[in-house]
$ cat final.cif   # mmCIF, C-alpha atoms
data_input
#
loop_
_atom_site.label_atom_id
_atom_site.label_comp_id
_atom_site.auth_asym_id
_atom_site.auth_seq_id
_atom_site.Cartn_x
_atom_site.Cartn_y
_atom_site.Cartn_z
CA MET U 28 -11.78 4.45 -4.73
CA GLN U 29 -14.42 5.96 -2.49
CA ILE U 30 -14.85 9.28 -0.77
CA GLY U 31 -14.70 8.91 2.97
CA SER U 32 -17.42 6.46 3.94
CA THR U 33 -18.51 8.99 6.47
CA SER U 34 -19.62 7.72 9.84
CA VAL U 35 -22.77 9.46 10.99
CA GLU U 36 -23.87 10.56 14.45
CA SER U 37 -27.34 11.73 15.39
CA ALA U 38 -27.68 15.49 15.50
CA ALA U 39 -27.51 16.78 19.06
CA GLN U 40 -28.48 20.42 18.60
CA GLY U 41 -31.73 21.90 17.43
CA LYS U 42 -32.16 23.14 13.90
CA LYS U 43 -30.95 26.73 13.64
CA LYS U 44 -30.88 29.02 10.67
CA ILE U 45 -27.09 29.25 10.84
CA PRO U 46 -25.69 26.90 13.48
CA GLU U 47 -22.30 27.37 15.07
CA THR U 48 -19.24 25.12 14.75
CA ASN U 49 -16.72 24.34 17.47
CA TYR U 50 -13.69 22.93 15.62
CA PRO U 51 -12.19 26.40 14.95
CA ASN U 52 -12.22 27.00 18.71
CA ILE U 53 -10.85 23.54 19.57
CA THR U 54 -7.91 23.91 17.18
CA GLY U 55 -7.14 27.53 18.05
CA ALA U 56 -8.07 28.90 14.64
CA THR U 57 -10.12 31.67 16.26
CA ALA U 58 -6.98 33.02 17.95
CA VAL U 59 -5.23 33.08 14.56
CA TRP U 60 -8.14 35.05 13.09
CA GLU U 61 -7.72 37.63 15.83
CA ALA U 62 -4.18 38.11 14.58
CA GLY U 63 -5.60 38.96 11.14
CA VAL U 64 -4.82 35.63 9.43
CA VAL U 65 -7.79 33.98 7.68
CA GLY U 66 -6.15 32.25 4.71
CA ASP U 67 -6.30 35.03 2.12
CA GLY U 68 -4.46 34.24 -1.11
CA ILE U 69 -4.06 30.51 -0.47
CA GLY U 70 -5.60 28.13 -3.00
CA VAL U 71 -7.00 24.87 -1.65
CA ALA U 72 -7.87 22.23 -4.24
CA LEU U 73 -10.52 19.69 -3.25
CA ILE U 74 -10.34 16.42 -5.13
CA ASP U 75 -13.71 15.00 -4.21
CA ALA U 76 -17.36 14.95 -5.24
CA THR U 77 -16.82 18.74 -5.57
CA ILE U 78 -18.94 21.55 -4.07
CA GLU U 79 -22.19 23.44 -4.32
CA LYS U 80 -22.16 27.23 -4.54
CA LEU U 81 -23.68 27.81 -1.12
CA THR U 82 -23.34 31.25 0.46
CA GLY U 83 -20.49 30.44 2.84
CA LEU U 84 -18.49 28.79 0.05
CA LYS U 85 -18.93 31.24 -2.80
CA LYS U 86 -18.28 34.30 -0.61
CA ASP U 87 -15.10 35.08 1.31
CA GLU U 88 -14.78 36.49 4.83
CA ASN U 89 -15.68 39.96 3.55
CA GLY U 90 -18.82 38.78 1.75
CA LYS U 91 -17.17 39.12 -1.66
CA LYS U 92 -18.28 36.60 -4.27
CA GLY U 93 -15.94 34.65 -6.51
CA ARG U 94 -13.87 32.70 -4.01
CA ILE U 95 -14.49 29.46 -5.96
CA THR U 96 -11.73 30.37 -8.38
CA GLY U 97 -11.33 27.07 -10.23
CA TRP U 98 -13.66 24.29 -11.28
CA VAL U 99 -13.47 21.13 -13.37
CA ASP U 100 -15.77 18.09 -13.61
CA PHE U 101 -14.21 14.81 -14.74
CA VAL U 102 -17.42 12.86 -14.12
CA GLN U 103 -20.13 14.63 -16.12
CA GLY U 104 -18.31 17.58 -17.63
CA LYS U 105 -20.63 20.13 -16.02
CA LYS U 106 -19.69 23.76 -16.55
CA LYS U 107 -20.84 24.94 -13.09
CA PRO U 108 -20.03 23.54 -9.64
CA ARG U 109 -22.46 20.93 -8.39
CA ASP U 110 -22.25 18.19 -5.80
CA PRO U 111 -25.04 15.60 -6.05
CA ASN U 112 -23.39 13.48 -3.33
CA GLY U 113 -22.86 16.15 -0.64
CA HIS U 114 -19.50 14.95 0.70
CA GLY U 115 -17.37 17.52 -1.08
CA THR U 116 -19.56 20.40 0.05
CA HIS U 117 -19.30 19.23 3.66
CA ILE U 118 -15.51 19.05 3.40
CA ALA U 119 -15.29 22.47 1.74
CA GLY U 120 -17.38 23.96 4.53
CA VAL U 121 -15.05 22.64 7.21
CA ILE U 122 -12.10 24.23 5.43
CA ALA U 123 -13.54 27.51 4.26
CA ASN U 124 -17.13 28.33 5.29
CA SER U 125 -17.33 32.11 5.72
CA GLN U 126 -20.83 32.22 7.19
CA VAL U 127 -21.05 33.52 10.74
CA GLY U 128 -22.66 31.06 13.12
CA ALA U 129 -24.79 31.50 16.20
CA ASP U 130 -21.65 32.14 18.28
CA GLY U 131 -20.72 35.18 16.17
CA GLU U 132 -17.71 33.49 14.57
CA TRP U 133 -16.94 32.15 11.11
CA ASN U 134 -17.94 28.52 10.69
CA GLY U 135 -14.94 27.33 8.65
CA MET U 136 -11.29 27.00 9.57
CA ALA U 137 -9.87 29.41 6.98
CA PRO U 138 -12.71 31.66 5.70
CA GLY U 139 -10.44 33.66 3.40
CA VAL U 140 -9.00 30.92 1.20
CA ASP U 141 -9.70 30.37 -2.49
CA LEU U 142 -11.40 27.09 -3.37
CA ILE U 143 -10.56 25.03 -6.44
CA ALA U 144 -13.13 22.27 -6.93
CA ILE U 145 -12.11 19.13 -8.82
CA ARG U 146 -14.90 16.60 -9.26
CA VAL U 147 -13.78 12.99 -9.61
CA ALA U 148 -16.49 11.12 -7.63
CA ASP U 149 -20.01 10.29 -8.81
CA LYS U 150 -23.32 10.77 -7.01
CA LYS U 151 -22.77 7.60 -4.98
CA GLY U 152 -19.34 8.76 -3.85
CA TYR U 153 -17.25 6.42 -5.99
CA ALA U 154 -14.34 7.39 -8.22
CA THR U 155 -12.19 5.40 -10.61
CA TYR U 156 -8.42 5.58 -10.51
CA GLU U 157 -8.58 7.13 -13.97
CA LYS U 158 -10.74 10.05 -12.82
CA VAL U 159 -8.67 10.61 -9.70
CA LEU U 160 -5.44 10.67 -11.68
CA GLN U 161 -6.98 13.17 -14.10
CA GLY U 162 -7.93 15.35 -11.14
CA ILE U 163 -4.46 15.27 -9.60
CA GLN U 164 -2.83 16.04 -12.95
CA TRP U 165 -5.19 18.99 -13.47
CA ALA U 166 -4.33 20.39 -10.04
CA VAL U 167 -0.61 20.22 -10.77
CA GLU U 168 -1.03 21.75 -14.24
CA HIS U 169 -3.04 24.67 -12.79
CA GLN U 170 -0.95 25.11 -9.65
CA GLU U 171 0.43 28.52 -10.54
CA GLU U 172 -2.79 29.81 -12.12
CA TYR U 173 -4.79 29.32 -8.92
CA ASN U 174 -1.91 29.43 -6.39
CA ILE U 175 -2.75 25.88 -5.30
CA ARG U 176 -0.73 25.35 -2.13
CA ILE U 177 -2.84 22.54 -0.68
CA ILE U 178 -4.67 19.50 -1.99
CA ASN U 179 -7.33 18.09 0.32
CA PHE U 180 -7.85 14.43 -0.54
CA SER U 181 -10.62 12.99 1.65
CA MET U 182 -10.85 9.70 -0.21
CA SER U 183 -9.52 6.23 0.41
CA ALA U 184 -8.98 2.90 -1.34
CA PRO U 185 -7.73 -0.53 -0.21
CA VAL U 186 -3.98 -1.10 -0.14
CA ARG U 187 -2.97 -3.56 -2.88
CA SER U 188 0.73 -2.81 -3.32
CA PRO U 189 3.67 -1.07 -1.64
CA TYR U 190 2.88 2.64 -1.31
CA TRP U 191 5.33 3.56 -4.07
CA GLY U 192 3.68 1.14 -6.53
CA ASP U 193 0.21 2.65 -6.35
CA PRO U 194 -0.61 5.05 -9.23
CA ILE U 195 -2.50 7.51 -7.04
CA ASN U 196 0.34 7.61 -4.54
CA GLN U 197 2.76 8.20 -7.40
CA ALA U 198 0.65 11.10 -8.69
CA LEU U 199 0.29 12.69 -5.27
CA MET U 200 4.03 12.33 -4.65
CA PHE U 201 4.57 14.24 -7.88
CA ALA U 202 2.22 16.97 -6.61
CA TRP U 203 4.21 17.04 -3.37
CA HIS U 204 7.44 17.28 -5.38
CA LYS U 205 5.97 20.34 -7.11
CA GLY U 206 5.52 22.04 -3.74
CA ILE U 207 1.88 21.24 -2.94
CA VAL U 208 1.00 20.12 0.58
CA VAL U 209 -1.25 17.05 0.33
CA VAL U 210 -3.56 16.35 3.25
CA THR U 211 -5.46 13.07 3.24
CA ALA U 212 -7.82 11.06 5.42
CA ALA U 213 -6.59 7.97 7.27
CA GLY U 214 -9.86 6.20 6.47
CA ASN U 215 -12.86 4.98 8.45
CA LEU U 216 -12.00 1.28 8.76
CA GLY U 217 -10.55 1.32 12.29
CA PRO U 218 -9.72 0.53 14.92
CA GLU U 219 -7.64 -2.44 13.74
CA ALA U 220 -3.96 -2.02 12.91
CA LEU U 221 -2.97 -1.88 9.22
CA SER U 222 -6.33 -0.29 8.36
CA VAL U 223 -4.99 2.94 6.84
CA GLY U 224 -5.83 3.00 3.12
CA VAL U 225 -4.43 4.60 -0.02
CA PRO U 226 -3.17 7.33 -0.12
CA GLY U 227 -3.04 7.59 3.66
CA ASN U 228 -0.23 5.03 3.61
CA ASN U 229 2.02 7.47 1.73
CA PRO U 230 4.90 8.83 3.89
CA TYR U 231 5.07 12.04 1.83
CA LEU U 232 1.50 13.06 2.68
CA ILE U 233 -0.09 14.37 5.89
CA THR U 234 -2.42 11.56 6.98
CA VAL U 235 -5.11 12.56 9.47
CA GLY U 236 -7.09 10.45 11.89
CA ALA U 237 -10.06 11.55 13.98
CA PHE U 238 -10.75 12.36 17.59
CA THR U 239 -13.99 13.50 19.15
CA ASP U 240 -14.59 15.93 22.01
CA ALA U 241 -17.56 13.89 23.31
CA TYR U 242 -19.77 16.98 22.95
CA THR U 243 -17.71 18.85 25.56
CA PRO U 244 -15.40 21.10 23.48
CA GLY U 245 -14.18 22.94 26.56
CA ASP U 246 -13.06 19.78 28.33
CA TRP U 247 -10.13 17.85 26.85
CA THR U 248 -10.13 15.15 29.53
CA ASP U 249 -12.91 13.14 27.87
CA ASP U 250 -11.65 13.36 24.28
CA TYR U 251 -11.05 10.03 22.57
CA ILE U 252 -10.26 8.43 19.22
CA PRO U 253 -13.48 6.91 17.84
CA SER U 254 -13.43 3.31 16.70
CA PHE U 255 -13.97 4.20 13.02
CA SER U 256 -10.64 6.06 12.71
CA SER U 257 -8.17 3.88 10.78
CA ALA U 258 -4.95 2.96 12.52
CA GLY U 259 -1.39 2.16 11.52
CA PRO U 260 1.21 1.08 11.05
CA THR U 261 1.01 0.86 7.29
CA HIS U 262 1.83 -2.33 5.42
CA ASP U 263 5.18 -0.72 4.58
CA GLY U 264 5.94 -0.12 8.26
CA PHE U 265 5.28 3.62 8.52
CA VAL U 266 3.66 5.13 11.61
CA LYS U 267 0.33 6.56 10.55
CA PRO U 268 -1.75 8.64 10.94
CA ASP U 269 0.56 11.62 11.36
CA LEU U 270 -2.02 13.74 13.17
CA ILE U 271 -5.47 13.50 14.66
CA ALA U 272 -8.02 16.30 14.43
CA PRO U 273 -11.68 16.88 15.26
CA GLY U 274 -13.76 14.36 13.34
CA GLY U 275 -16.83 13.62 15.45
CA HIS U 276 -20.23 15.37 15.11
CA ILE U 277 -18.78 17.89 12.64
CA VAL U 278 -21.28 20.54 11.55
CA SER U 279 -20.76 21.85 8.04
CA THR U 280 -22.42 22.81 4.78
CA MET U 281 -24.38 20.39 2.62
CA ARG U 282 -27.19 20.96 0.16
CA SER U 283 -30.36 19.41 1.59
CA LYS U 284 -31.18 17.75 -1.75
CA SER U 285 -27.86 15.90 -2.01
CA LYS U 286 -27.65 12.13 -1.64
CA LEU U 287 -25.99 12.09 1.79
CA ALA U 288 -28.46 14.64 3.12
CA LYS U 289 -31.46 12.64 1.96
CA GLU U 290 -30.01 9.46 3.47
CA ASN U 291 -29.39 11.14 6.82
CA PRO U 292 -32.26 13.57 7.42
CA ASP U 293 -31.94 13.35 11.20
CA ASN U 294 -28.49 14.90 10.94
CA GLN U 295 -29.74 18.23 9.64
CA VAL U 296 -28.95 21.07 12.05
CA GLY U 297 -29.93 24.05 9.92
CA LYS U 298 -30.68 25.11 6.38
CA ASN U 299 -28.03 23.40 4.24
CA TYR U 300 -26.14 22.34 7.38
CA PHE U 301 -25.60 18.73 8.42
CA GLN U 302 -23.66 16.93 11.12
CA MET U 303 -21.33 14.13 10.01
CA ALA U 304 -18.31 12.28 11.35
CA GLY U 305 -15.23 10.77 9.76
CA THR U 306 -11.56 11.19 9.01
CA SER U 307 -12.59 13.05 5.85
CA GLN U 308 -13.69 15.89 8.10
CA SER U 309 -10.52 15.59 10.19
CA ALA U 310 -8.40 15.99 7.05
CA ALA U 311 -10.38 19.10 6.14
CA VAL U 312 -9.66 20.61 9.56
CA VAL U 313 -5.92 20.08 9.00
CA SER U 314 -6.15 21.54 5.48
CA GLY U 315 -7.67 24.63 7.08
CA VAL U 316 -4.87 24.84 9.65
CA THR U 317 -2.31 24.43 6.86
CA ALA U 318 -3.90 27.28 4.90
CA LEU U 319 -3.66 29.57 7.92
CA MET U 320 0.00 28.65 8.38
CA LEU U 321 0.83 29.33 4.74
CA ALA U 322 -1.11 32.59 4.72
CA ASN U 323 0.92 33.75 7.70
CA ASN U 324 4.21 32.50 6.26
CA PRO U 325 4.04 31.74 2.51
CA ASP U 326 7.67 30.58 2.49
CA LEU U 327 7.03 27.53 4.62
CA SER U 328 8.08 24.32 2.93
CA ARG U 329 5.75 21.37 2.46
#

$ encode --input "final.cif" --output "structure tokens"
Amino acid sequence: MQIGSTSVESAAQGKKKIPETNYPNITGATAVWEAGVVGDGIGVALIDATIEKLTGLKKDENGKKGRITGWVDFVQGKKKPRDPNGHGTHIAGVIANSQVGADGEWNGMAPGVDLIAIRVADKKGYATYEKVLQGIQWAVEHQEEYNIRIINFSMSAPVRSPYWGDPINQALMFAWHKGIVVVTAAGNLGPEALSVGVPGNNPYLITVGAFTDAYTPGDWTDDYIPSFSSAGPTHDGFVKPDLIAPGGHIVSTMRSKSKLAKENPDNQVGKNYFQMAGTSQSAAVVSGVTALMLANNPDLSR
């Protein structure tokens, strides 16, 4: 299994100290913030290459430290959060970055959420089924302790069985049964049909594909689904993805010394900010929207 093999686009804006993001505006998250809803009290577990303790991730919307409430490393057993790959930090930033950008707004979708980082992928972005299953089990076991309402799973693997026969799908269905909303990426193997991977082929999960605003966030008429976004139906006949969300030229956090950052230096748009594209980022946007919904109405079902 591999974390989203992120498609990369050349950076279009100059390097700024703290750049702005546009996906909160495109999705309407900024209007929700104005109503006083920023995700406070909602725990979002990231099963990924985990996260670095960058400013916008370790501090909440009020500048208070300690919003990374849970942490476990099934790869190296490190005691402190670290992300040598960079993917997990980028995803976490899309969901929760509390830094204020050049436009005067928070840069993440839900800047008040709690983050629970579960590392299952190595520096190269690969994870074994064993590590992933350990991560899912840990999230379920610590659900009440950290109020884990959402699992963001921006990883994908080839389909080799019916959805119900895959061990990761089985584990994530158990998490869903326990009341956790699971949001996952469709994958970056489009545009052919039947290209949605595991666990995006699972009917119990929210599977997210990507669209891009073509660098004109205020104009919806030129939006389109990029060719990398995996398409359904699934091999079991389900219509997937369930949703599409911003996934092109996504600006978010990433430590400049991480593997992805070093491989894509032209995509740096600020200190510890990089521009990437992929359904991994689209899933993170939807996880942020879900956190805002649950913060506003905690009694919503999955």

$ closest_residue --input "final.cif" --among "U:Glu290, U:Glu47, U:Asp326, U:Glu168" --to "Gly135 of chain U" --atoms "only C-alpha atoms"
U:Glu47

$ residues_near_point --input "final.cif" --point "(-20.3, 24.4, -6.4)" --cutoff "6 Å" --atoms "only C-alpha atoms" --output "list in words"
Ile78, Glu79, Lys80, Pro108 and Arg109 of chain U

$ resolve_selection --input "final.cif" --expression "the PyMOL selection byres ((chain U and resi 167) around 10)" --output "JSON, numbers by chain"
{"U": [72, 162, 163, 164, 165, 166, 168, 169, 170, 171, 172, 175, 178, 198, 199, 201, 202, 203, 205, 206, 207]}

$ atom_distance --input "final.cif" --atom1 "atom CA of Pro138 of chain U" --atom2 "atom CA of Ile122 of chain U"
7.5 Å

$ resolve_selection --input "final.cif" --expression "the PyMOL selection byres ((chain U and resi 228) around 8)" --output "list in words"
Tyr190, Ala213, Val223, Gly224, Val225, Pro226, Gly227, Asn229, Pro230, Thr234, Thr261, His262, Asp263, Phe265 and Lys267 of chain U

$ residues_around --input "final.cif" --residues "segment 236-241 of chain U" --least-positions-apart "3" --cutoff "8 Å" --atoms "all atoms listed in the file" --output "tab-separated table (two decimals) with C-alpha atoms, in the coordinates of the input"
chain	number	residue	atom	x	y	z
U	212	ALA	CA	-7.82	11.06	5.42
U	213	ALA	CA	-6.59	7.97	7.27
U	214	GLY	CA	-9.86	6.20	6.47
U	244	PRO	CA	-15.40	21.10	23.48
U	246	ASP	CA	-13.06	19.78	28.33
U	247	TRP	CA	-10.13	17.85	26.85
U	249	ASP	CA	-12.91	13.14	27.87
U	250	ASP	CA	-11.65	13.36	24.28
U	251	TYR	CA	-11.05	10.03	22.57
U	252	ILE	CA	-10.26	8.43	19.22
U	253	PRO	CA	-13.48	6.91	17.84
U	256	SER	CA	-10.64	6.06	12.71
U	257	SER	CA	-8.17	3.88	10.78
U	258	ALA	CA	-4.95	2.96	12.52
U	268	PRO	CA	-1.75	8.64	10.94
U	269	ASP	CA	0.56	11.62	11.36
U	270	LEU	CA	-2.02	13.74	13.17
U	271	ILE	CA	-5.47	13.50	14.66
U	272	ALA	CA	-8.02	16.30	14.43
U	273	PRO	CA	-11.68	16.88	15.26
U	274	GLY	CA	-13.76	14.36	13.34
U	275	GLY	CA	-16.83	13.62	15.45
U	276	HIS	CA	-20.23	15.37	15.11
U	305	GLY	CA	-15.23	10.77	9.76
U	306	THR	CA	-11.56	11.19	9.01
U	309	SER	CA	-10.52	15.59	10.19
U	310	ALA	CA	-8.40	15.99	7.05

$ atom_distance --input "final.cif" --atom1 "atom CA of Val278 of chain U" --atom2 "atom CA of Ile45 of chain U"
10.5 Å

$ closest_residue --input "final.cif" --among "U:Val208, U:Leu232, U:Ile30, U:Val186" --to "Asn174 of chain U" --atoms "all atoms listed in the file"
U:Val208

$ atom_distance --input "final.cif" --atom1 "atom CA of Val127 of chain U" --atom2 "atom CA of Lys284 of chain U"
22.5 Å

$ closest_residue --input "final.cif" --among "U:Gly297, U:Gly152, U:Pro260, U:Gly245" --to "Pro111 of chain U" --atoms "all atoms listed in the file"
U:Gly152

$ resolve_selection --input "final.cif" --expression "the PyMOL selection byres ((chain U and resi 92) around 12)" --output "ChimeraX atom specification"
/U:80-91,93-96,125,139,141-142

$ closest_residue --input "final.cif" --among "U:Gly70, U:Ala184, U:Met28, U:Val210" --to "Ala154 of chain U" --atoms "all atoms listed in the file"
U:Met28

$ residues_around --input "final.cif" --residues "segment 48-63 of chain U" --least-positions-apart "2" --cutoff "6 Å" --atoms "all atoms listed in the file" --output "number ranges by chain"
U: 65, 134, 136, 278

$ closest_residue --input "final.cif" --among "U:Trp133, U:Ala311, U:Leu160, U:Leu319" --to "Gln197 of chain U" --atoms "all atoms listed in the file"
U:Leu160

$ closest_residue --input "final.cif" --among "U:Val64, U:Ile74, U:Val102, U:Ala304" --to "Ala137 of chain U" --atoms "all atoms listed in the file"
U:Val64

$ axis_aligned_box --input "final.cif" --around "segment 143-156 of chain U" --padding-each-side "8 Å" --output "lines of an AutoDock Vina configuration file"
center_x = -15.9
center_y = 15.2
center_z = -7.2
size_x = 30.9
size_y = 35.6
size_z = 22.8

$ residues_around --input "final.cif" --residues "Gln29 of chain U" --least-positions-apart "2" --cutoff "10 Å" --atoms "all atoms listed in the file" --output "list in words"
Gly31, Ser32, Asp75, Ala76, Ala148, Asp149, Lys151, Gly152, Tyr153, Ala154, Thr155, Ser181, Met182, Ser183, Ala184 and Pro185 of chain U

$ residues_near_point --input "final.cif" --point "(-22.5, 29.8, 16.2)" --cutoff "6 Å" --atoms "all atoms listed in the file" --output "VMD selection string"
chain U and resid 46 to 48 128 to 131

$ write_last_selection --input "final.cif" --atoms "C-alpha atoms" --output "PDB file, in the coordinates of the input"
ATOM      1  CA  PRO U  46     -25.690  26.900  13.480  1.00  0.00           C
ATOM      2  CA  GLU U  47     -22.300  27.370  15.070  1.00  0.00           C
ATOM      3  CA  THR U  48     -19.240  25.120  14.750  1.00  0.00           C
ATOM      4  CA  GLY U 128     -22.660  31.060  13.120  1.00  0.00           C
ATOM      5  CA  ALA U 129     -24.790  31.500  16.200  1.00  0.00           C
ATOM      6  CA  ASP U 130     -21.650  32.140  18.280  1.00  0.00           C
ATOM      7  CA  GLY U 131     -20.720  35.180  16.170  1.00  0.00           C
TER       8      GLY U 131
END

$ decode --input "final.cif" --residues "segment 244-311 of chain U" --atoms "C-alpha atoms" --output "mmCIF file, in the first residue's frame"
data_model
loop_
_atom_site.group_PDB
_atom_site.id
_atom_site.type_symbol
_atom_site.label_atom_id
_atom_site.label_comp_id
_atom_site.auth_asym_id
_atom_site.auth_seq_id
_atom_site.Cartn_x
_atom_site.Cartn_y
_atom_site.Cartn_z
ATOM 1 C CA PRO U 244 -11.089 30.050 -7.757
ATOM 2 C CA GLY U 245 -13.756 32.681 -8.334
ATOM 3 C CA ASP U 246 -14.890 31.190 -11.638
ATOM 4 C CA TRP U 247 -16.578 27.778 -11.559
ATOM 5 C CA THR U 248 -17.144 27.614 -15.318
ATOM 6 C CA ASP U 249 -13.619 26.387 -16.066
ATOM 7 C CA ASP U 250 -13.360 23.805 -13.276
ATOM 8 C CA TYR U 251 -12.602 20.268 -14.408
ATOM 9 C CA ILE U 252 -11.671 16.806 -13.161
ATOM 10 C CA PRO U 253 -7.943 16.255 -13.818
ATOM 11 C CA SER U 254 -6.875 13.121 -15.618
ATOM 12 C CA PHE U 255 -5.088 11.672 -12.568
ATOM 13 C CA SER U 256 -8.288 11.355 -10.504
ATOM 14 C CA SER U 257 -9.332 7.688 -10.373
ATOM 15 C CA ALA U 258 -12.755 6.814 -11.717
ATOM 16 C CA GLY U 259 -15.400 4.193 -11.063
ATOM 17 C CA PRO U 260 -17.358 2.114 -11.112
ATOM 18 C CA THR U 261 -15.631 -0.270 -8.755
ATOM 19 C CA HIS U 262 -15.031 -3.901 -9.648
ATOM 20 C CA ASP U 263 -17.996 -4.719 -7.399
ATOM 21 C CA GLY U 264 -20.260 -2.365 -9.347
ATOM 22 C CA PHE U 265 -20.462 0.580 -6.947
ATOM 23 C CA VAL U 266 -20.523 4.166 -8.212
ATOM 24 C CA LYS U 267 -17.368 5.850 -6.978
ATOM 25 C CA PRO U 268 -16.039 8.341 -6.070
ATOM 26 C CA ASP U 269 -18.832 9.645 -3.855
ATOM 27 C CA LEU U 270 -17.626 13.248 -3.967
ATOM 28 C CA ILE U 271 -15.080 15.432 -5.685
ATOM 29 C CA ALA U 272 -13.213 18.215 -3.921
ATOM 30 C CA PRO U 273 -10.365 20.624 -4.627
ATOM 31 C CA GLY U 274 -7.267 18.602 -5.460
ATOM 32 C CA GLY U 275 -5.218 20.673 -7.893
ATOM 33 C CA HIS U 276 -2.352 23.040 -6.938
ATOM 34 C CA ILE U 277 -3.131 22.609 -3.224
ATOM 35 C CA VAL U 278 -0.940 24.751 -0.975
ATOM 36 C CA SER U 279 -0.237 23.251 2.430
ATOM 37 C CA THR U 280 2.376 22.569 5.074
ATOM 38 C CA MET U 281 5.441 20.422 4.501
ATOM 39 C CA ARG U 282 8.847 20.452 6.134
ATOM 40 C CA SER U 283 11.406 21.593 3.563
ATOM 41 C CA LYS U 284 13.784 18.762 4.509
ATOM 42 C CA SER U 285 11.245 15.988 3.873
ATOM 43 C CA LYS U 286 11.604 13.595 0.953
ATOM 44 C CA LEU U 287 8.751 15.006 -1.144
ATOM 45 C CA ALA U 288 9.960 18.553 -0.600
ATOM 46 C CA LYS U 289 13.492 17.728 -1.717
ATOM 47 C CA GLU U 290 12.170 15.926 -4.800
ATOM 48 C CA ASN U 291 9.962 18.863 -5.774
ATOM 49 C CA PRO U 292 11.857 22.049 -4.874
ATOM 50 C CA ASP U 293 10.096 24.100 -7.552
ATOM 51 C CA ASN U 294 6.819 23.558 -5.724
ATOM 52 C CA GLN U 295 7.847 25.503 -2.645
ATOM 53 C CA VAL U 296 5.650 28.576 -2.122
ATOM 54 C CA GLY U 297 6.840 29.660 1.307
ATOM 55 C CA LYS U 298 8.729 28.505 4.355
ATOM 56 C CA ASN U 299 7.517 24.943 4.993
ATOM 57 C CA TYR U 300 4.765 25.391 2.394
ATOM 58 C CA PHE U 301 4.530 23.387 -0.818
ATOM 59 C CA GLN U 302 2.033 23.042 -3.644
ATOM 60 C CA MET U 303 0.902 19.519 -4.539
ATOM 61 C CA ALA U 304 -2.002 17.861 -6.308
ATOM 62 C CA GLY U 305 -3.859 14.593 -5.839
ATOM 63 C CA THR U 306 -6.932 12.901 -4.453
ATOM 64 C CA SER U 307 -5.086 12.631 -1.131
ATOM 65 C CA GLN U 308 -5.512 16.374 -0.791
ATOM 66 C CA SER U 309 -9.143 16.156 -1.930
ATOM 67 C CA ALA U 310 -9.872 13.616 0.812
ATOM 68 C CA ALA U 311 -8.295 15.963 3.352
#
